[in-house]
Amino acid sequence: RVRPLDDQGCVLIIGDSRNPDGQRQFASQTPGAITVEAVDLRDLVTFAGAFDLAAPDALERLAGFAQSVMRNVGAADLVRRVQSLQRGTARNPPTDVEAIALSFVRTPSHRAAVDVLVEINKEAGVCAHRPAVLRACIKALQLCGGTEGLSFHEAAVRMREQNRLVGRPLPKRAVGSTLLLKGLEAEVAVILNGSDLDARNLYVAMTRGSKSLIVCASGPILNPRAGL
């Protein structure tokens with residue numbers, strides 16, 4: 001486990017910009033790691049556009065989103081438990097999360113969706129590895145819940161525009177691509193899959209660490225292809 005050189009230092013973990021899902025998966029599996037998000041918050045806007053409170057799969061979509069931004073979330077298990085509680089076949093009483101999720105299913109609303117996300121985040125072992133997206137989602141749900149006529153998608157777009165104007169604080173362990181991390185610098189830089197980067201991106205990645213550089217590659221020699 002790579003650590004900053006001191007309490008004030010940071011680690012940049014740099015992945016291939018062509019594989020954002022791989023970066024997020026790595027962050028979700030690495031304690032303390034947080035993804036650096038693109039300013040367009042594309043995943044949030046896409047989710048907001050598809051999320052329908054009245055749809056039969058509303059809880060499934062909400063739990064799936066929670067799993068995409070928080071580590072140690074079992075979306076499928078939560079949905080199954082709520083379905084069991086609805087049918088009256090559950091042997092055990094509902095947990096706090098399950099009770100709130102059941103309330104959401106019975107009386108769906110944007111405010112109830114916020115309650116589900118907040119309660120999931122309170123569970124032992126759960127921690128957001130994409131906190132910027134989670135915060136923006138909760139704010140968007142709160143905004144449309146308190147503003148008549150404003151859709152969740154419209155509220156998410158507002159959050160996206162606000163996000164463009166806000167500076168990005170650098171977490172202790174930041175995971176992103178060369179595109180997202182360009183211009184940022186930390187004491188330690190870790191390059192994932194260095195063999196897959198072209199010469200331009202490899203150069204950007206290698207110059208992010210001011211004191212230490214760790215390169216993970218398939219072999220001992222890097223022979224990057226020319227960048228476009």
# chains A, B, ... in the order shown; residues from 1 in each chain; ligands from 1

$ residues_around --residues "segment 11-19 of chain A" --least-positions-apart "6" --cutoff "9 Å" --atoms "only C-alpha atoms" --output "PDB file with N, CA and C atoms, in the first residue's frame"
ATOM      1  N   VAL A   2       0.718   2.085  -1.011  1.00  0.00           N
ATOM      2  CA  VAL A   2       1.534   3.282  -1.147  1.00  0.00           C
ATOM      3  C   VAL A   2       0.976   4.387  -0.261  1.00  0.00           C
ATOM      4  N   ARG A   3       1.853   5.037   0.477  1.00  0.00           N
ATOM      5  CA  ARG A   3       1.455   6.115   1.372  1.00  0.00           C
ATOM      6  C   ARG A   3       2.164   7.414   0.975  1.00  0.00           C
ATOM      7  N   PRO A   4       1.562   8.578   1.289  1.00  0.00           N
ATOM      8  CA  PRO A   4       2.271   9.850   1.098  1.00  0.00           C
ATOM      9  C   PRO A   4       3.529   9.868   1.954  1.00  0.00           C
ATOM     10  N   LEU A   5       4.486  10.688   1.568  1.00  0.00           N
ATOM     11  CA  LEU A   5       5.743  10.747   2.307  1.00  0.00           C
ATOM     12  C   LEU A   5       5.587  11.416   3.663  1.00  0.00           C
ATOM     13  N   ALA A  33      -9.049   5.704  -1.291  1.00  0.00           N
ATOM     14  CA  ALA A  33      -8.908   6.276  -2.628  1.00  0.00           C
ATOM     15  C   ALA A  33     -10.198   6.957  -3.054  1.00  0.00           C
ATOM     16  N   PRO A 171      -7.646  15.013  -2.994  1.00  0.00           N
ATOM     17  CA  PRO A 171      -7.701  14.080  -1.856  1.00  0.00           C
ATOM     18  C   PRO A 171      -6.346  13.449  -1.589  1.00  0.00           C
ATOM     19  N   LYS A 172      -6.235  12.752  -0.465  1.00  0.00           N
ATOM     20  CA  LYS A 172      -4.971  12.107  -0.101  1.00  0.00           C
ATOM     21  C   LYS A 172      -4.567  11.035  -1.114  1.00  0.00           C
ATOM     22  N   ARG A 173      -5.542  10.301  -1.607  1.00  0.00           N
ATOM     23  CA  ARG A 173      -5.302   9.296  -2.645  1.00  0.00           C
ATOM     24  C   ARG A 173      -6.286   9.557  -3.781  1.00  0.00           C
ATOM     25  N   ALA A 174      -5.801  10.169  -4.837  1.00  0.00           N
ATOM     26  CA  ALA A 174      -6.653  10.551  -5.953  1.00  0.00           C
ATOM     27  C   ALA A 174      -6.439   9.591  -7.122  1.00  0.00           C
ATOM     28  N   VAL A 175      -7.545   9.103  -7.680  1.00  0.00           N
ATOM     29  CA  VAL A 175      -7.489   8.186  -8.811  1.00  0.00           C
ATOM     30  C   VAL A 175      -8.099   8.878 -10.021  1.00  0.00           C
ATOM     31  N   GLY A 176      -7.381   8.870 -11.137  1.00  0.00           N
ATOM     32  CA  GLY A 176      -7.906   9.494 -12.343  1.00  0.00           C
ATOM     33  C   GLY A 176      -7.033   9.182 -13.536  1.00  0.00           C
ATOM     34  N   SER A 177      -7.316   9.838 -14.633  1.00  0.00           N
ATOM     35  CA  SER A 177      -6.542   9.666 -15.859  1.00  0.00           C
ATOM     36  C   SER A 177      -5.581  10.830 -16.028  1.00  0.00           C
ATOM     37  N   THR A 178      -4.716  10.724 -17.016  1.00  0.00           N
ATOM     38  CA  THR A 178      -3.792  11.829 -17.291  1.00  0.00           C
ATOM     39  C   THR A 178      -4.561  13.092 -17.670  1.00  0.00           C
ATOM     40  N   LEU A 179      -5.698  12.921 -18.340  1.00  0.00           N
ATOM     41  CA  LEU A 179      -6.498  14.075 -18.733  1.00  0.00           C
ATOM     42  C   LEU A 179      -7.055  14.793 -17.512  1.00  0.00           C
ATOM     43  N   LEU A 180      -7.565  14.029 -16.540  1.00  0.00           N
ATOM     44  CA  LEU A 180      -8.155  14.631 -15.350  1.00  0.00           C
ATOM     45  C   LEU A 180      -7.110  15.173 -14.389  1.00  0.00           C
ATOM     46  N   LEU A 181      -5.929  14.546 -14.376  1.00  0.00           N
ATOM     47  CA  LEU A 181      -4.898  14.918 -13.405  1.00  0.00           C
ATOM     48  C   LEU A 181      -3.841  15.854 -13.992  1.00  0.00           C
ATOM     49  N   LEU A 184      -2.086  18.840 -12.115  1.00  0.00           N
ATOM     50  CA  LEU A 184      -2.014  18.564 -10.683  1.00  0.00           C
ATOM     51  C   LEU A 184      -0.697  17.874 -10.361  1.00  0.00           C
ATOM     52  N   GLU A 185      -0.229  18.038  -9.150  1.00  0.00           N
ATOM     53  CA  GLU A 185       1.034  17.412  -8.745  1.00  0.00           C
ATOM     54  C   GLU A 185       0.926  16.946  -7.308  1.00  0.00           C
ATOM     55  N   ALA A 186       1.538  15.809  -7.036  1.00  0.00           N
ATOM     56  CA  ALA A 186       1.573  15.273  -5.681  1.00  0.00           C
ATOM     57  C   ALA A 186       2.978  14.768  -5.395  1.00  0.00           C
ATOM     58  N   GLU A 187       3.236  14.462  -4.134  1.00  0.00           N
ATOM     59  CA  GLU A 187       4.558  13.942  -3.788  1.00  0.00           C
ATOM     60  C   GLU A 187       4.815  12.597  -4.447  1.00  0.00           C
ATOM     61  N   VAL A 188       3.769  11.771  -4.528  1.00  0.00           N
ATOM     62  CA  VAL A 188       3.917  10.422  -5.060  1.00  0.00           C
ATOM     63  C   VAL A 188       2.937  10.221  -6.210  1.00  0.00           C
ATOM     64  N   ALA A 189       3.427   9.651  -7.313  1.00  0.00           N
ATOM     65  CA  ALA A 189       2.575   9.290  -8.440  1.00  0.00           C
ATOM     66  C   ALA A 189       2.708   7.796  -8.700  1.00  0.00           C
ATOM     67  N   VAL A 190       1.569   7.141  -8.888  1.00  0.00           N
ATOM     68  CA  VAL A 190       1.535   5.718  -9.223  1.00  0.00           C
ATOM     69  C   VAL A 190       0.860   5.571 -10.575  1.00  0.00           C
ATOM     70  N   ILE A 191       1.540   4.959 -11.519  1.00  0.00           N
ATOM     71  CA  ILE A 191       0.986   4.765 -12.858  1.00  0.00           C
ATOM     72  C   ILE A 191       0.502   3.327 -12.983  1.00  0.00           C
ATOM     73  N   LEU A 192      -0.787   3.168 -13.243  1.00  0.00           N
ATOM     74  CA  LEU A 192      -1.357   1.847 -13.461  1.00  0.00           C
ATOM     75  C   LEU A 192      -1.239   1.488 -14.943  1.00  0.00           C
ATOM     76  N   ASN A 193      -0.905   0.259 -15.237  1.00  0.00           N
ATOM     77  CA  ASN A 193      -0.851  -0.194 -16.636  1.00  0.00           C
ATOM     78  C   ASN A 193      -0.019   0.738 -17.502  1.00  0.00           C
ATOM     79  N   GLY A 194       1.184   1.013 -17.053  1.00  0.00           N
ATOM     80  CA  GLY A 194       2.060   1.912 -17.794  1.00  0.00           C
ATOM     81  C   GLY A 194       2.340   1.449 -19.205  1.00  0.00           C
ATOM     82  N   ASP A 196       0.285   0.405 -21.297  1.00  0.00           N
ATOM     83  CA  ASP A 196      -0.822   0.731 -22.192  1.00  0.00           C
ATOM     84  C   ASP A 196      -0.865   2.201 -22.591  1.00  0.00           C
ATOM     85  N   LEU A 197      -0.035   3.047 -21.968  1.00  0.00           N
ATOM     86  CA  LEU A 197      -0.078   4.481 -22.254  1.00  0.00           C
ATOM     87  C   LEU A 197       0.798   4.832 -23.446  1.00  0.00           C
ATOM     88  N   ASN A 201       0.877  10.553 -23.005  1.00  0.00           N
ATOM     89  CA  ASN A 201       0.222  10.328 -21.712  1.00  0.00           C
ATOM     90  C   ASN A 201       1.187   9.771 -20.677  1.00  0.00           C
ATOM     91  N   ALA A 205       1.938  11.473 -17.095  1.00  0.00           N
ATOM     92  CA  ALA A 205       1.809  10.694 -15.866  1.00  0.00           C
ATOM     93  C   ALA A 205       3.107  10.699 -15.062  1.00  0.00           C
ATOM     94  N   ARG A 208       3.878  13.815 -12.777  1.00  0.00           N
ATOM     95  CA  ARG A 208       2.923  14.220 -11.738  1.00  0.00           C
ATOM     96  C   ARG A 208       3.501  14.077 -10.331  1.00  0.00           C
ATOM     97  N   GLY A 209       4.487  13.206 -10.150  1.00  0.00           N
ATOM     98  CA  GLY A 209       5.051  12.989  -8.818  1.00  0.00           C
ATOM     99  C   GLY A 209       6.295  13.829  -8.600  1.00  0.00           C
TER     100      GLY A 209
END

$ select_by_dssp --residues "segment 38-206 of chain A" --states "strand (DSSP E or B)" --output "VMD selection string"
chain A and resid 70 to 71 127 to 128 173 to 177 186 to 191

$ residues_around --residues "Glu123 of chain A" --least-positions-apart "2" --cutoff "9 Å" --atoms "only C-alpha atoms" --output "PDB file with C-alpha atoms, in the first residue's frame"
ATOM      1  CA  VAL A  73     -22.670  -1.526  -1.092  1.00  0.00           C
ATOM      2  CA  ASP A  96     -32.338   0.852   9.130  1.00  0.00           C
ATOM      3  CA  VAL A  97     -31.365   0.958   5.458  1.00  0.00           C
ATOM      4  CA  GLU A 119     -28.673   5.887   5.172  1.00  0.00           C
ATOM      5  CA  ILE A 120     -26.632   3.608   2.897  1.00  0.00           C
ATOM      6  CA  ASN A 121     -23.648   5.902   3.414  1.00  0.00           C
ATOM      7  CA  GLY A 125     -17.896  -0.327   6.139  1.00  0.00           C
ATOM      8  CA  VAL A 126     -19.526   1.874   3.509  1.00  0.00           C
ATOM      9  CA  CYS A 127     -17.543   4.848   2.253  1.00  0.00           C
TER      10      CYS A 127
END

$ closest_residue --among "A:Arg130, A:Leu102, A:Arg164, A:Val116" --to "Phe26 of chain A" --atoms "only C-alpha atoms"
A:Arg130

$ atom_distance --atom1 "atom CA of Gly145 of chain A" --atom2 "atom CA of Val69 of chain A"
21.4 Å

$ residues_around --residues "segment 45-52 of chain A" --least-positions-apart "5" --cutoff "6 Å" --atoms "only C-alpha atoms" --output "list in words"
Phe152, His153 and Ala156 of chain A

$ write_last_selection --atoms "N, CA and C atoms" --output "short mmCIF file (atom, residue, chain, number, x, y, z; two decimals), in the first residue's frame"
data_model
loop_
_atom_site.label_atom_id
_atom_site.label_comp_id
_atom_site.auth_asym_id
_atom_site.auth_seq_id
_atom_site.Cartn_x
_atom_site.Cartn_y
_atom_site.Cartn_z
N PHE A 152 -35.59 16.09 -11.89
CA PHE A 152 -34.30 15.63 -11.36
C PHE A 152 -33.20 15.86 -12.38
N HIS A 153 -33.50 15.62 -13.63
CA HIS A 153 -32.48 15.82 -14.68
C HIS A 153 -32.08 17.28 -14.77
N ALA A 156 -29.89 18.09 -11.88
CA ALA A 156 -28.56 17.52 -12.06
C ALA A 156 -27.73 18.38 -13.01
#

$ atom_distance --atom1 "atom CA of Ala75 of chain A" --atom2 "atom CA of Met159 of chain A"
24.9 Å

$ residues_around --residues "Glu98 of chain A" --least-positions-apart "6" --cutoff "8 Å" --atoms "only C-alpha atoms" --output "ChimeraX atom specification"
/A:78,81-82

$ write_last_selection --atoms "C-alpha atoms" --output "short mmCIF file (atom, residue, chain, number, x, y, z; two decimals), in the first residue's frame"
data_model
loop_
_atom_site.label_atom_id
_atom_site.label_comp_id
_atom_site.auth_asym_id
_atom_site.auth_seq_id
_atom_site.Cartn_x
_atom_site.Cartn_y
_atom_site.Cartn_z
CA LEU A 78 -30.82 -4.68 -0.72
CA ARG A 81 -34.44 -7.96 0.97
CA VAL A 82 -36.95 -5.17 0.30
#

$ atom_distance --atom1 "atom CA of Glu161 of chain A" --atom2 "atom CA of Leu41 of chain A"
9.3 Å

$ residues_around --residues "Leu59 of chain A" --least-positions-apart "5" --cutoff "12 Å" --atoms "only C-alpha atoms" --output "NGL selection string"
:A and (51-54 or 64-66 or 75-83 or 98 or 100-110 or 112-114 or 116-117)

$ decode --residues "segment 41-176 of chain A" --atoms "C-alpha atoms" --output "PDB file, in the first residue's frame"
ATOM      1  CA  LEU A  41     -20.545  14.817 -14.096  1.00  0.00           C
ATOM      2  CA  ARG A  42     -21.734  12.673 -16.979  1.00  0.00           C
ATOM      3  CA  ASP A  43     -22.684   9.657 -14.865  1.00  0.00           C
ATOM      4  CA  LEU A  44     -24.913  11.753 -12.621  1.00  0.00           C
ATOM      5  CA  VAL A  45     -26.645  13.510 -15.509  1.00  0.00           C
ATOM      6  CA  THR A  46     -27.213  10.178 -17.264  1.00  0.00           C
ATOM      7  CA  PHE A  47     -28.617   8.613 -14.095  1.00  0.00           C
ATOM      8  CA  ALA A  48     -30.887  11.586 -13.467  1.00  0.00           C
ATOM      9  CA  GLY A  49     -32.243  11.414 -16.990  1.00  0.00           C
ATOM     10  CA  ALA A  50     -33.150   7.742 -16.646  1.00  0.00           C
ATOM     11  CA  PHE A  51     -34.379   7.704 -13.034  1.00  0.00           C
ATOM     12  CA  ASP A  52     -38.165   7.537 -12.761  1.00  0.00           C
ATOM     13  CA  LEU A  53     -39.722   7.567  -9.303  1.00  0.00           C
ATOM     14  CA  ALA A  54     -42.834   5.829 -10.600  1.00  0.00           C
ATOM     15  CA  ALA A  55     -40.973   3.018 -12.368  1.00  0.00           C
ATOM     16  CA  PRO A  56     -41.049  -0.503 -10.865  1.00  0.00           C
ATOM     17  CA  ASP A  57     -37.246  -0.573 -10.907  1.00  0.00           C
ATOM     18  CA  ALA A  58     -36.770   2.784  -9.146  1.00  0.00           C
ATOM     19  CA  LEU A  59     -35.163   1.231  -6.064  1.00  0.00           C
ATOM     20  CA  GLU A  60     -32.992  -1.024  -8.206  1.00  0.00           C
ATOM     21  CA  ARG A  61     -31.680   1.975 -10.139  1.00  0.00           C
ATOM     22  CA  LEU A  62     -31.151   4.018  -6.984  1.00  0.00           C
ATOM     23  CA  ALA A  63     -29.302   1.189  -5.241  1.00  0.00           C
ATOM     24  CA  GLY A  64     -27.234   0.585  -8.360  1.00  0.00           C
ATOM     25  CA  PHE A  65     -26.215   4.240  -8.410  1.00  0.00           C
ATOM     26  CA  ALA A  66     -25.300   4.035  -4.729  1.00  0.00           C
ATOM     27  CA  GLN A  67     -23.108   1.026  -5.452  1.00  0.00           C
ATOM     28  CA  SER A  68     -21.365   2.932  -8.253  1.00  0.00           C
ATOM     29  CA  VAL A  69     -20.288   5.774  -5.945  1.00  0.00           C
ATOM     30  CA  MET A  70     -19.823   4.007  -2.585  1.00  0.00           C
ATOM     31  CA  ARG A  71     -17.702   0.984  -1.755  1.00  0.00           C
ATOM     32  CA  ASN A  72     -19.087  -2.069   0.059  1.00  0.00           C
ATOM     33  CA  VAL A  73     -22.670  -1.526  -1.092  1.00  0.00           C
ATOM     34  CA  GLY A  74     -24.678  -4.621  -2.043  1.00  0.00           C
ATOM     35  CA  ALA A  75     -27.364  -3.213  -4.332  1.00  0.00           C
ATOM     36  CA  ALA A  76     -28.805  -6.560  -5.420  1.00  0.00           C
ATOM     37  CA  ASP A  77     -29.004  -7.835  -1.840  1.00  0.00           C
ATOM     38  CA  LEU A  78     -30.820  -4.684  -0.722  1.00  0.00           C
ATOM     39  CA  VAL A  79     -33.385  -4.980  -3.502  1.00  0.00           C
ATOM     40  CA  ARG A  80     -33.989  -8.668  -2.732  1.00  0.00           C
ATOM     41  CA  ARG A  81     -34.442  -7.959   0.967  1.00  0.00           C
ATOM     42  CA  VAL A  82     -36.945  -5.168   0.303  1.00  0.00           C
ATOM     43  CA  GLN A  83     -38.894  -7.420  -2.052  1.00  0.00           C
ATOM     44  CA  SER A  84     -38.953 -10.099   0.652  1.00  0.00           C
ATOM     45  CA  LEU A  85     -40.157  -7.571   3.211  1.00  0.00           C
ATOM     46  CA  GLN A  86     -42.894  -6.447   0.825  1.00  0.00           C
ATOM     47  CA  ARG A  87     -44.093 -10.027   0.388  1.00  0.00           C
ATOM     48  CA  GLY A  88     -43.944 -10.657   4.111  1.00  0.00           C
ATOM     49  CA  THR A  89     -41.578 -13.614   3.673  1.00  0.00           C
ATOM     50  CA  ALA A  90     -38.544 -12.074   5.395  1.00  0.00           C
ATOM     51  CA  ARG A  91     -37.431 -13.973   8.487  1.00  0.00           C
ATOM     52  CA  ASN A  92     -35.520 -11.074  10.038  1.00  0.00           C
ATOM     53  CA  PRO A  93     -36.761  -7.556  10.741  1.00  0.00           C
ATOM     54  CA  PRO A  94     -35.506  -4.802   8.432  1.00  0.00           C
ATOM     55  CA  THR A  95     -32.284  -2.950   9.112  1.00  0.00           C
ATOM     56  CA  ASP A  96     -32.338   0.852   9.130  1.00  0.00           C
ATOM     57  CA  VAL A  97     -31.365   0.958   5.458  1.00  0.00           C
ATOM     58  CA  GLU A  98     -33.937  -1.664   4.488  1.00  0.00           C
ATOM     59  CA  ALA A  99     -36.689   0.137   6.411  1.00  0.00           C
ATOM     60  CA  ILE A 100     -35.958   3.418   4.633  1.00  0.00           C
ATOM     61  CA  ALA A 101     -35.696   1.660   1.261  1.00  0.00           C
ATOM     62  CA  LEU A 102     -39.054  -0.005   1.922  1.00  0.00           C
ATOM     63  CA  SER A 103     -40.528   3.397   2.751  1.00  0.00           C
ATOM     64  CA  PHE A 104     -39.149   4.735  -0.534  1.00  0.00           C
ATOM     65  CA  VAL A 105     -40.797   1.914  -2.483  1.00  0.00           C
ATOM     66  CA  ARG A 106     -44.139   2.475  -0.770  1.00  0.00           C
ATOM     67  CA  THR A 107     -44.057   6.275  -1.083  1.00  0.00           C
ATOM     68  CA  PRO A 108     -41.461   7.250  -3.693  1.00  0.00           C
ATOM     69  CA  SER A 109     -40.236  10.837  -3.697  1.00  0.00           C
ATOM     70  CA  HIS A 110     -37.013  12.700  -4.305  1.00  0.00           C
ATOM     71  CA  ARG A 111     -36.660  13.373  -0.577  1.00  0.00           C
ATOM     72  CA  ALA A 112     -37.147   9.675   0.164  1.00  0.00           C
ATOM     73  CA  ALA A 113     -34.430   8.889  -2.400  1.00  0.00           C
ATOM     74  CA  VAL A 114     -32.079  11.210  -0.499  1.00  0.00           C
ATOM     75  CA  ASP A 115     -32.900   9.320   2.704  1.00  0.00           C
ATOM     76  CA  VAL A 116     -31.938   6.033   1.055  1.00  0.00           C
ATOM     77  CA  LEU A 117     -28.578   7.348  -0.148  1.00  0.00           C
ATOM     78  CA  VAL A 118     -27.762   8.988   3.185  1.00  0.00           C
ATOM     79  CA  GLU A 119     -28.673   5.887   5.172  1.00  0.00           C
ATOM     80  CA  ILE A 120     -26.632   3.608   2.897  1.00  0.00           C
ATOM     81  CA  ASN A 121     -23.648   5.902   3.414  1.00  0.00           C
ATOM     82  CA  LYS A 122     -24.055   5.543   7.193  1.00  0.00           C
ATOM     83  CA  GLU A 123     -23.709   1.755   7.137  1.00  0.00           C
ATOM     84  CA  ALA A 124     -20.616   0.207   8.699  1.00  0.00           C
ATOM     85  CA  GLY A 125     -17.896  -0.327   6.139  1.00  0.00           C
ATOM     86  CA  VAL A 126     -19.526   1.874   3.509  1.00  0.00           C
ATOM     87  CA  CYS A 127     -17.543   4.848   2.253  1.00  0.00           C
ATOM     88  CA  ALA A 128     -17.894   7.009  -0.842  1.00  0.00           C
ATOM     89  CA  HIS A 129     -15.072   6.620  -3.360  1.00  0.00           C
ATOM     90  CA  ARG A 130     -16.846   9.106  -5.660  1.00  0.00           C
ATOM     91  CA  PRO A 131     -17.974  11.694  -3.071  1.00  0.00           C
ATOM     92  CA  ALA A 132     -18.262  14.538  -5.582  1.00  0.00           C
ATOM     93  CA  VAL A 133     -20.864  12.617  -7.580  1.00  0.00           C
ATOM     94  CA  LEU A 134     -22.718  11.493  -4.453  1.00  0.00           C
ATOM     95  CA  ARG A 135     -22.875  15.032  -3.033  1.00  0.00           C
ATOM     96  CA  ALA A 136     -24.055  16.465  -6.351  1.00  0.00           C
ATOM     97  CA  CYS A 137     -26.746  13.785  -6.622  1.00  0.00           C
ATOM     98  CA  ILE A 138     -28.063  14.461  -3.120  1.00  0.00           C
ATOM     99  CA  LYS A 139     -28.097  18.214  -3.756  1.00  0.00           C
ATOM    100  CA  ALA A 140     -29.929  17.709  -7.059  1.00  0.00           C
ATOM    101  CA  LEU A 141     -32.543  15.478  -5.417  1.00  0.00           C
ATOM    102  CA  GLN A 142     -33.007  18.010  -2.623  1.00  0.00           C
ATOM    103  CA  LEU A 143     -33.290  20.844  -5.136  1.00  0.00           C
ATOM    104  CA  CYS A 144     -35.969  19.248  -7.286  1.00  0.00           C
ATOM    105  CA  GLY A 145     -37.752  17.975  -4.187  1.00  0.00           C
ATOM    106  CA  GLY A 146     -38.083  21.537  -2.931  1.00  0.00           C
ATOM    107  CA  THR A 147     -38.669  23.289  -6.271  1.00  0.00           C
ATOM    108  CA  GLU A 148     -42.024  22.825  -7.958  1.00  0.00           C
ATOM    109  CA  GLY A 149     -41.800  21.881 -11.614  1.00  0.00           C
ATOM    110  CA  LEU A 150     -38.058  21.163 -11.581  1.00  0.00           C
ATOM    111  CA  SER A 151     -37.134  17.699 -12.804  1.00  0.00           C
ATOM    112  CA  PHE A 152     -34.303  15.630 -11.358  1.00  0.00           C
ATOM    113  CA  HIS A 153     -32.480  15.818 -14.685  1.00  0.00           C
ATOM    114  CA  GLU A 154     -32.754  19.611 -14.765  1.00  0.00           C
ATOM    115  CA  ALA A 155     -31.487  19.803 -11.189  1.00  0.00           C
ATOM    116  CA  ALA A 156     -28.559  17.524 -12.062  1.00  0.00           C
ATOM    117  CA  VAL A 157     -27.649  19.807 -14.965  1.00  0.00           C
ATOM    118  CA  ARG A 158     -27.648  22.750 -12.544  1.00  0.00           C
ATOM    119  CA  MET A 159     -25.288  20.844 -10.263  1.00  0.00           C
ATOM    120  CA  ARG A 160     -23.055  20.150 -13.241  1.00  0.00           C
ATOM    121  CA  GLU A 161     -22.845  23.841 -14.092  1.00  0.00           C
ATOM    122  CA  GLN A 162     -22.060  24.701 -10.469  1.00  0.00           C
ATOM    123  CA  ASN A 163     -19.399  22.025 -10.437  1.00  0.00           C
ATOM    124  CA  ARG A 164     -17.646  23.648 -13.394  1.00  0.00           C
ATOM    125  CA  LEU A 165     -17.101  26.769 -11.305  1.00  0.00           C
ATOM    126  CA  VAL A 166     -15.824  25.092  -8.150  1.00  0.00           C
ATOM    127  CA  GLY A 167     -12.170  24.199  -7.633  1.00  0.00           C
ATOM    128  CA  ARG A 168     -11.295  20.573  -7.031  1.00  0.00           C
ATOM    129  CA  PRO A 169      -9.586  19.832  -3.705  1.00  0.00           C
ATOM    130  CA  LEU A 170      -6.960  17.118  -4.058  1.00  0.00           C
ATOM    131  CA  PRO A 171      -7.701  14.080  -1.856  1.00  0.00           C
ATOM    132  CA  LYS A 172      -4.971  12.107  -0.101  1.00  0.00           C
ATOM    133  CA  ARG A 173      -5.302   9.296  -2.645  1.00  0.00           C
ATOM    134  CA  ALA A 174      -6.653  10.551  -5.953  1.00  0.00           C
ATOM    135  CA  VAL A 175      -7.489   8.186  -8.811  1.00  0.00           C
ATOM    136  CA  GLY A 176      -7.906   9.494 -12.343  1.00  0.00           C
TER     137      GLY A 176
END
